[in-house]
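Asks: After the structure tokens below, expect a handful of questions from me.
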Amino acid sequence: MTQDVSRPHPLAGRRILDLGAFCAQRPHALAASMAARLCAGYGAEVIRPLPPGGEPFAQDAPLLPDGHSALDRFLSAGKVVGPATGRFDAAIGDRHALAAHAAGVPVKACLSLHGPEDEDPPISELGIAALAGLLGIVGEAMPAPPSRLAGHQVAYAAGLAACTALLAALHGGGEEEVDISLLDVAAWLNWKVAAGVMVMGRAPTRSAARVTWFTLPCRDGHMALVYQEKDWPPLRDLVGDPRLKDDALFGDNTRRGVNRAAMLQVLGPWFAARSRLEITQAVQALRIPTGPVLWPVELLEDAQFRARDFLRADGMPALPLSWDGARLDFVPQPALATPPARRASGRPLEGLRVVDLGWITAGAATSTLLLDLGADVVKVEGPGAPDPFRNWDGAPAGTDWWNHCPFFNFTNRGKRSLCIDLKDPRGREVLLRLLEGADVLVENFRRGVMASLGLDAAMLRQRFPRLVIASISSQGETGPDRAMVSYGSTLEASSGLAALTGAGDAPVITGRDVNYPDQVVCLFAAGAVVAALEERRRSGRGAHLDLSQRELTAFLLGEELLAAAAGAPSPRRGNHDPAEAAERLESDGQGGWEVVSPRDGGAGRLRVRDGADLAAAADFARGTAVLRCPDGSPAKGIPFRFAHHPLGVEDGCHPLGSDNRAVLRAIGFTEDEMTELERQAVLATRPRHAAA
């Protein structure tokens with residue numbers, strides 16, 4: 001086999017043992033299989049041995065017309081089915097599979113329910129979602145039942161976390177055992193519920209009746225109505241009904257929530273008279289993040305996916321990553337020049353610097369994961385445009401509210417804070433000097449912002465050839481829809497997830513308070529960055545990673561894309577999993593819900609937890625989804641554990657600009673230069689719009 005040296009293959013020559021078929025429980029098997037599939041995408045030779053009974057997913061839904069399982073076909077892409085013989089660099093499975101088949105393998109990624117200390121009880125994905133509060137937050141308002149996110153999102157998210165942890169362990173060198181708790185990962189995805197209860201004393205509830213984001217029927221389907229307060233006047237004017245100008249009913253978000261039914265009566269006819277395309281074009285022209293609900297079969301002809309070569313003709317998705325403008329493939333790659341071994345003396349990314357231009361969740365939480373793996377992270381914000389999370393729900397009134405928003409502090413603990421005006425040439429020069437000693441740049445600005453600042457990827461790659469640039473966006477850097485404005489709920493709609501979530505003719509919904517695409521992209525993007533750092537060790541070259549949240553969300557419905565392409569699209573299954581046919585959801589008679597399982601003689605019942613239940617649960621307190629800063633304040637945790645080099649939250653959230661002088665001093669600025677930058681307001685410690 002010959003190697004195309006012009007294309008990156010960060011795991012070339014690595015052999016990965018996929019023990020998903022030997023996992024005792026289905027969620028663990030799905031998660032291990034997803035992690036191994038991603039490793040194959042990065043160029044590893046992935047070997048999947050099978051037990052005497054054969055492939056456990058061989059008859060799992062959805063089934064293709066030829067009788068094969070689309071699930072099996074999706075998860076098997078790029079792998080070699082064969083015996084577990086020879087040398088392996090890493091193995092993925094549950095504790096029993098690893099003990100039986102992975103002796104002597106230096107890196108082991110273990111899927112568990114609660115962590116490495118406890119034996120796993122029998123459980124399903126629905127049960128895990130119930131325990132993590134993830135089931136309880138998705139769906140229409142009570143008394144309607146909650147709804148699981150379509151597909152295998154609980155297991156696949158754990159697979160993303162497992163792949164990132166495994167890549168980091170390989171990059172760090174030496175032996176390592178990493179544990180990925182499926183419950184911790186699901187609760188980590190649902191962190192806003194925990195933050196609400198633990199910091200603000202309240203949590204989001206399942207699509208409460210007063211929520212003003214919802215889906216509306218239109219002429220040929222549904223639209224996800226997603227907007228911010230600033231978007232209401234142009235949206236109201238677009239609809240053109242004078243009743244929407246009644247400020248007593250609709251003057252702000254609170255009033256629109258209270259009068260939701262009246263607002264629906266006004267908006268409904270306007271949406272119903274128009275197609276999804278007409279509405280999308282109209283709202284996007286106004287930069288409003290409303291978007292269409294699309295089905296998997298419609299994604300096969302999607303212009304954006306076609307332009308970016310995301311889907312093959314048979315519906316098989318590519319790895320949701322463009323690396324220096326090229327797609328990676330699933331062909332196992334032989335080793336090239338072996339990079340020098342690293343000493344496993346600490347956390348995998350110790351000694352590396354990350355410059356974080358991330359906003360809200362997608363970029364900021366990616367950098368936090370890199371920090372957890374040992375990197376030094378400098379969060380860069382502008383005084384005219386700080387991270388919007390600083391002014392999110394829960395920020396207290398006061399002179400420095402920007403330093404006390406629970407959501408911001410949850411997500412950004414441990415980072416050094418640099419506040420510079422990037423619109424000023426002197427601020428831009430500060431950033432460029434910072435990048436001279438940086439290894440990674442993470443950004444998720446609206447497409448076009450980096451170029452407008454004179455910081456486009458082509459220039460940065462030329463000036464800093466060893467820099468790894470992770471550009472995270474809703475649609476990707478290229479394609480006809482690259483400039484679309486989207487939020488997580490919009491992406492759930494346009495990726496196929498919202499269409500399949502729910503049962504039968506039940507209303508189409510989006511997980512507004514989860515924003516699932518924002519959460520999972522962090523797990524995937526952090527792994528992609530580590531893969532690029534591993535490739536840099538071999539080639540000496542950095543990379544520009546173009547990560548589309550919409551592609552990733554669709555990728556996590558891969559089996560549904562294959563089924564749709566074969567003419568056998570899946571129905572909306574709601575909370576039913578054909579592999580768990582006897583499992584069901586029942587009301588507990590007191591306003592809550594329980595997952596009822598035939599396990600243990602039919603006595604198995606798991607309460608669907610709300611935010612208060614989750615925060616009070618002993619298994620949540622023992623886990624790593626939320627951890628404590630040194631001052632005792634809660635913070636977003638870490639979705640994996642390393643046995644030999646334990647990870648933890650070592651610092652709280654730094655006030656805005658509190659590290660300005662320390663950061664600039666380290667890159668060669670004099671005290672006089674820093675004083676002048678402060679005098680000219682290029683350096684700042686408060687937002688410009690904050691009251692003096």
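Residues in the structure tokens are numbered from 1 in each chain, the chains being A, B, ... in the order shown, and ligands are numbered from 1 in the order shown.
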What's the 12 Å shell around Val138 of chain A, counting only C-alpha atoms, without same-chain residues fewer than 6 positions away, as a PDB file with C-alpha atoms, in the first residue's frame?

Replies:
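This is the output file part35.pdb:
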ATOM      1  CA  ALA A 129     -30.741   9.838  29.418  1.00  0.00           C
ATOM      2  CA  ALA A 130     -33.282   9.667  32.257  1.00  0.00           C
ATOM      3  CA  ALA A 144     -46.792  15.673  27.471  1.00  0.00           C
ATOM      4  CA  PRO A 145     -44.118  12.995  27.903  1.00  0.00           C
ATOM      5  CA  PRO A 146     -40.430  13.801  27.488  1.00  0.00           C
ATOM      6  CA  SER A 147     -38.692  12.681  24.325  1.00  0.00           C
ATOM      7  CA  ARG A 148     -35.273  11.184  23.701  1.00  0.00           C
ATOM      8  CA  LEU A 149     -33.123  12.783  21.041  1.00  0.00           C
ATOM      9  CA  ALA A 150     -33.427  10.671  17.899  1.00  0.00           C
ATOM     10  CA  ASN A 190     -26.874  18.727  29.986  1.00  0.00           C
ATOM     11  CA  VAL A 193     -29.537  22.284  33.891  1.00  0.00           C
ATOM     12  CA  PRO A 204     -34.665  25.195  32.529  1.00  0.00           C
ATOM     13  CA  THR A 205     -37.749  23.029  32.266  1.00  0.00           C
ATOM     14  CA  ARG A 206     -38.894  20.978  29.333  1.00  0.00           C
ATOM     15  CA  SER A 207     -40.085  23.399  26.640  1.00  0.00           C
ATOM     16  CA  ALA A 208     -42.120  25.322  29.153  1.00  0.00           C
ATOM     17  CA  SER A 489     -31.742  24.635  17.873  1.00  0.00           C
ATOM     18  CA  ALA A 498     -35.441  17.462  15.069  1.00  0.00           C
ATOM     19  CA  THR A 501     -37.129  13.345  17.506  1.00  0.00           C
ATOM     20  CA  GLY A 502     -40.594  12.576  18.805  1.00  0.00           C
ATOM     21  CA  VAL A 508     -41.775  18.510  15.767  1.00  0.00           C
ATOM     22  CA  ILE A 509     -39.525  19.845  18.511  1.00  0.00           C
ATOM     23  CA  THR A 510     -35.987  21.031  19.084  1.00  0.00           C
ATOM     24  CA  GLY A 511     -33.968  20.608  22.274  1.00  0.00           C
ATOM     25  CA  ARG A 512     -33.874  24.339  23.004  1.00  0.00           C
ATOM     26  CA  ASP A 513     -32.356  24.006  26.468  1.00  0.00           C
ATOM     27  CA  VAL A 514     -29.804  21.400  25.414  1.00  0.00           C
ATOM     28  CA  ASN A 515     -28.547  22.890  22.144  1.00  0.00           C
ATOM     29  CA  TYR A 516     -27.103  19.472  21.400  1.00  0.00           C
ATOM     30  CA  GLY A 574     -40.132   8.595  19.894  1.00  0.00           C
ATOM     31  CA  ASN A 575     -38.809   6.846  22.986  1.00  0.00           C
ATOM     32  CA  VAL A 608     -36.738  10.729  34.656  1.00  0.00           C
ATOM     33  CA  ARG A 609     -34.771  13.310  36.582  1.00  0.00           C
ATOM     34  CA  ASP A 610     -35.344  17.027  36.437  1.00  0.00           C
TER      35      ASP A 610
END

Asks: Which residues in segment 256-430 of chain A does DSSP call alpha helix (DSSP H)? List them as an MDAnalysis selection string.

Replies: chainID A and resid 256:258 260:272 276:285 296:299 303:307 362:372 406:411 425:430

Asks: Store the residues of this selection in a file with C-alpha atoms, as a PDB file, in the first residue's frame.

Replies:
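Ended up saving to part11.pdb:
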ATOM      1  CA  ARG A 256     -44.193  37.031  24.313  1.00  0.00           C
ATOM      2  CA  GLY A 257     -43.778  33.973  26.521  1.00  0.00           C
ATOM      3  CA  VAL A 258     -46.801  34.802  28.651  1.00  0.00           C
ATOM      4  CA  ARG A 260     -47.362  32.601  23.450  1.00  0.00           C
ATOM      5  CA  ALA A 261     -50.768  31.326  22.312  1.00  0.00           C
ATOM      6  CA  ALA A 262     -51.718  34.759  21.006  1.00  0.00           C
ATOM      7  CA  MET A 263     -48.375  35.083  19.230  1.00  0.00           C
ATOM      8  CA  LEU A 264     -48.884  31.694  17.576  1.00  0.00           C
ATOM      9  CA  GLN A 265     -52.278  32.790  16.310  1.00  0.00           C
ATOM     10  CA  VAL A 266     -50.667  35.749  14.564  1.00  0.00           C
ATOM     11  CA  LEU A 267     -47.524  34.040  13.270  1.00  0.00           C
ATOM     12  CA  GLY A 268     -49.193  30.781  12.253  1.00  0.00           C
ATOM     13  CA  PRO A 269     -50.990  31.931   9.082  1.00  0.00           C
ATOM     14  CA  TRP A 270     -47.926  33.788   7.784  1.00  0.00           C
ATOM     15  CA  PHE A 271     -45.728  30.689   8.130  1.00  0.00           C
ATOM     16  CA  ALA A 272     -48.433  28.352   6.807  1.00  0.00           C
ATOM     17  CA  ARG A 276     -39.448  26.552   4.034  1.00  0.00           C
ATOM     18  CA  LEU A 277     -37.188  27.959   1.329  1.00  0.00           C
ATOM     19  CA  GLU A 278     -39.129  31.223   1.101  1.00  0.00           C
ATOM     20  CA  ILE A 279     -39.084  31.705   4.859  1.00  0.00           C
ATOM     21  CA  THR A 280     -35.433  30.733   5.211  1.00  0.00           C
ATOM     22  CA  GLN A 281     -34.337  33.171   2.528  1.00  0.00           C
ATOM     23  CA  ALA A 282     -36.390  35.971   4.076  1.00  0.00           C
ATOM     24  CA  VAL A 283     -35.201  35.513   7.666  1.00  0.00           C
ATOM     25  CA  GLN A 284     -31.573  34.844   6.756  1.00  0.00           C
ATOM     26  CA  ALA A 285     -31.499  38.084   4.770  1.00  0.00           C
ATOM     27  CA  PRO A 296     -32.599  12.715   6.375  1.00  0.00           C
ATOM     28  CA  VAL A 297     -33.837  11.970   2.859  1.00  0.00           C
ATOM     29  CA  GLU A 298     -33.774  15.696   2.075  1.00  0.00           C
ATOM     30  CA  LEU A 299     -30.177  15.982   3.251  1.00  0.00           C
ATOM     31  CA  ALA A 303     -26.746  21.931  -1.709  1.00  0.00           C
ATOM     32  CA  GLN A 304     -24.422  22.714   1.190  1.00  0.00           C
ATOM     33  CA  PHE A 305     -23.598  19.057   1.838  1.00  0.00           C
ATOM     34  CA  ARG A 306     -23.050  18.472  -1.879  1.00  0.00           C
ATOM     35  CA  ALA A 307     -20.728  21.452  -2.227  1.00  0.00           C
ATOM     36  CA  ALA A 362     -18.866  25.679  20.705  1.00  0.00           C
ATOM     37  CA  GLY A 363     -15.464  27.366  20.706  1.00  0.00           C
ATOM     38  CA  ALA A 364     -15.081  28.179  24.382  1.00  0.00           C
ATOM     39  CA  ALA A 365     -15.831  24.673  25.666  1.00  0.00           C
ATOM     40  CA  THR A 366     -13.506  23.150  23.052  1.00  0.00           C
ATOM     41  CA  SER A 367     -10.668  25.205  24.517  1.00  0.00           C
ATOM     42  CA  THR A 368     -11.687  24.225  28.038  1.00  0.00           C
ATOM     43  CA  LEU A 369     -11.277  20.550  27.136  1.00  0.00           C
ATOM     44  CA  LEU A 370      -7.806  21.313  25.769  1.00  0.00           C
ATOM     45  CA  LEU A 371      -7.046  23.089  29.045  1.00  0.00           C
ATOM     46  CA  ASP A 372      -8.221  20.031  30.975  1.00  0.00           C
ATOM     47  CA  PRO A 406     -22.913  31.529  35.869  1.00  0.00           C
ATOM     48  CA  PHE A 407     -22.943  30.146  32.323  1.00  0.00           C
ATOM     49  CA  PHE A 408     -19.758  32.012  31.375  1.00  0.00           C
ATOM     50  CA  ASN A 409     -17.942  31.056  34.559  1.00  0.00           C
ATOM     51  CA  PHE A 410     -19.052  27.431  34.267  1.00  0.00           C
ATOM     52  CA  THR A 411     -17.552  27.170  30.783  1.00  0.00           C
ATOM     53  CA  PRO A 425      -4.295  47.560  14.413  1.00  0.00           C
ATOM     54  CA  ARG A 426      -2.355  47.632  17.677  1.00  0.00           C
ATOM     55  CA  GLY A 427      -4.669  45.047  19.190  1.00  0.00           C
ATOM     56  CA  ARG A 428      -4.323  42.883  16.110  1.00  0.00           C
ATOM     57  CA  GLU A 429      -0.537  43.101  16.465  1.00  0.00           C
ATOM     58  CA  VAL A 430      -0.810  41.950  20.089  1.00  0.00           C
TER      59      VAL A 430
END

Asks: State, in Å with one decimal place, the distance from atom CA of Lys636 of chain A to atom CA of Thr290 of chain A.

Replies: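 For atom CA of Lys636 of chain A relative to atom CA of Thr290 of chain A, the distance reads 28.5 Å.
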
Asks: Could you write out, as a list in words, all the residues of segment 431-525 of chain A that DSSP marks as strand (DSSP E)?

Replies: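 Assigned to strand (DSSP E), within segment 431-525 of chain A: Val440, Leu441, Val442, Glu443, Val468, Ile469, Ala470, Ser471, Ile472 and Ser473 of chain A.
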
Asks: Nearest to Leu135 of chain A among A:Ala36, A:Ala531, A:Ala187, A:Ala99, with distances taken over only C-alpha atoms: which residue is it?

Replies: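 Once distances to Leu135 of chain A are computed over only C-alpha atoms, the minimum belongs to A:Ala187.
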
Asks: For a test of reading the model, state the distance in Å between atom CA of Glu534 of chain A and atom CA of His171 of chain A, rounded to one decimal.

Replies: 6.1 Å

Asks: Smallest atom-to-atom distance to Asp314 of chain A: which of A:Leu300, A:Leu552, A:Met34, A:Ile180, using only C-alpha atoms?

Replies: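 Of A:Leu300, A:Leu552, A:Met34, A:Ile180, the one nearest Asp314 of chain A is A:Leu300, counting only C-alpha atoms.
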
Asks: Atom CA of Ala635 of chain A and atom CA of Pro383 of chain A, how far apart in Å?

Replies: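 Straight-line distance from atom CA of Pro383 of chain A to atom CA of Ala635 of chain A works out to 24.5 Å.
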
Asks: Tell me which of A:Phe22, A:Val485, A:Ala162, A:Val199 sits closest to Gly632 of chain A, counting only C-alpha atoms.

Replies: A:Val199

Asks: Residues within 12 Å of Met200 of chain A, please, as a PDB file with C-alpha atoms, in the first residue's frame. Count only C-alpha atoms; anything in the same chain fewer than 5 positions from it doesn't count.

Replies:
ATOM      1  CA  LYS A 192     -26.980  24.094  31.747  1.00  0.00           C
ATOM      2  CA  VAL A 193     -29.537  22.284  33.891  1.00  0.00           C
ATOM      3  CA  ALA A 194     -26.898  21.600  36.543  1.00  0.00           C
ATOM      4  CA  ALA A 195     -25.631  25.181  36.337  1.00  0.00           C
ATOM      5  CA  ASP A 393     -29.201  34.507  31.897  1.00  0.00           C
ATOM      6  CA  GLY A 394     -28.242  34.833  35.552  1.00  0.00           C
ATOM      7  CA  ALA A 395     -25.712  37.661  35.299  1.00  0.00           C
ATOM      8  CA  PRO A 396     -26.371  39.792  38.401  1.00  0.00           C
ATOM      9  CA  HIS A 404     -20.323  36.853  37.387  1.00  0.00           C
ATOM     10  CA  CYS A 405     -22.506  35.174  34.769  1.00  0.00           C
ATOM     11  CA  PRO A 406     -22.913  31.529  35.869  1.00  0.00           C
ATOM     12  CA  PHE A 407     -22.943  30.146  32.323  1.00  0.00           C
ATOM     13  CA  PHE A 410     -19.052  27.431  34.267  1.00  0.00           C
ATOM     14  CA  GLY A 611     -32.692  19.573  37.367  1.00  0.00           C
ATOM     15  CA  ALA A 612     -33.272  19.339  41.107  1.00  0.00           C
ATOM     16  CA  PRO A 634     -19.181  24.588  40.726  1.00  0.00           C
TER      17      PRO A 634
END

Asks: Which of these residues is nearest to Thr361 of chain A, using only C-alpha atoms: A:Pro388, A:Gly504, A:Gly221, A:Gly53?

Replies: A:Pro388

Asks: So that I can see what lies close to segment 76-93 of chain A, please list as a list in words the residues with an atom at most 6 Å from it, counting only C-alpha atoms and leaving out residues fewer than 3 positions away in the same chain.

Replies: Arg15, Ile16, Leu17, Asp18, Leu19, Gly20, Ala32, Ala40, Val46, Ile47, Arg48, Pro49, Asp72, Arg73, Ala97, Leu98, Val105, Val107, Lys108, Ala109, Cys110, Leu111, Phe330 and Val331 of chain A

Asks: I'd like the neighbourhood of Ala528 of chain A as number ranges by chain, where a residue qualifies if any of its atoms comes within 12 Å (using only C-alpha atoms), though same-chain residues fewer than 2 positions away should be ignored.

Replies: A: 8-11, 38-39, 41-42, 160-161, 163-168, 319-323, 328, 366-367, 369-370, 440, 442, 468-472, 521-526, 530-535, 543-547
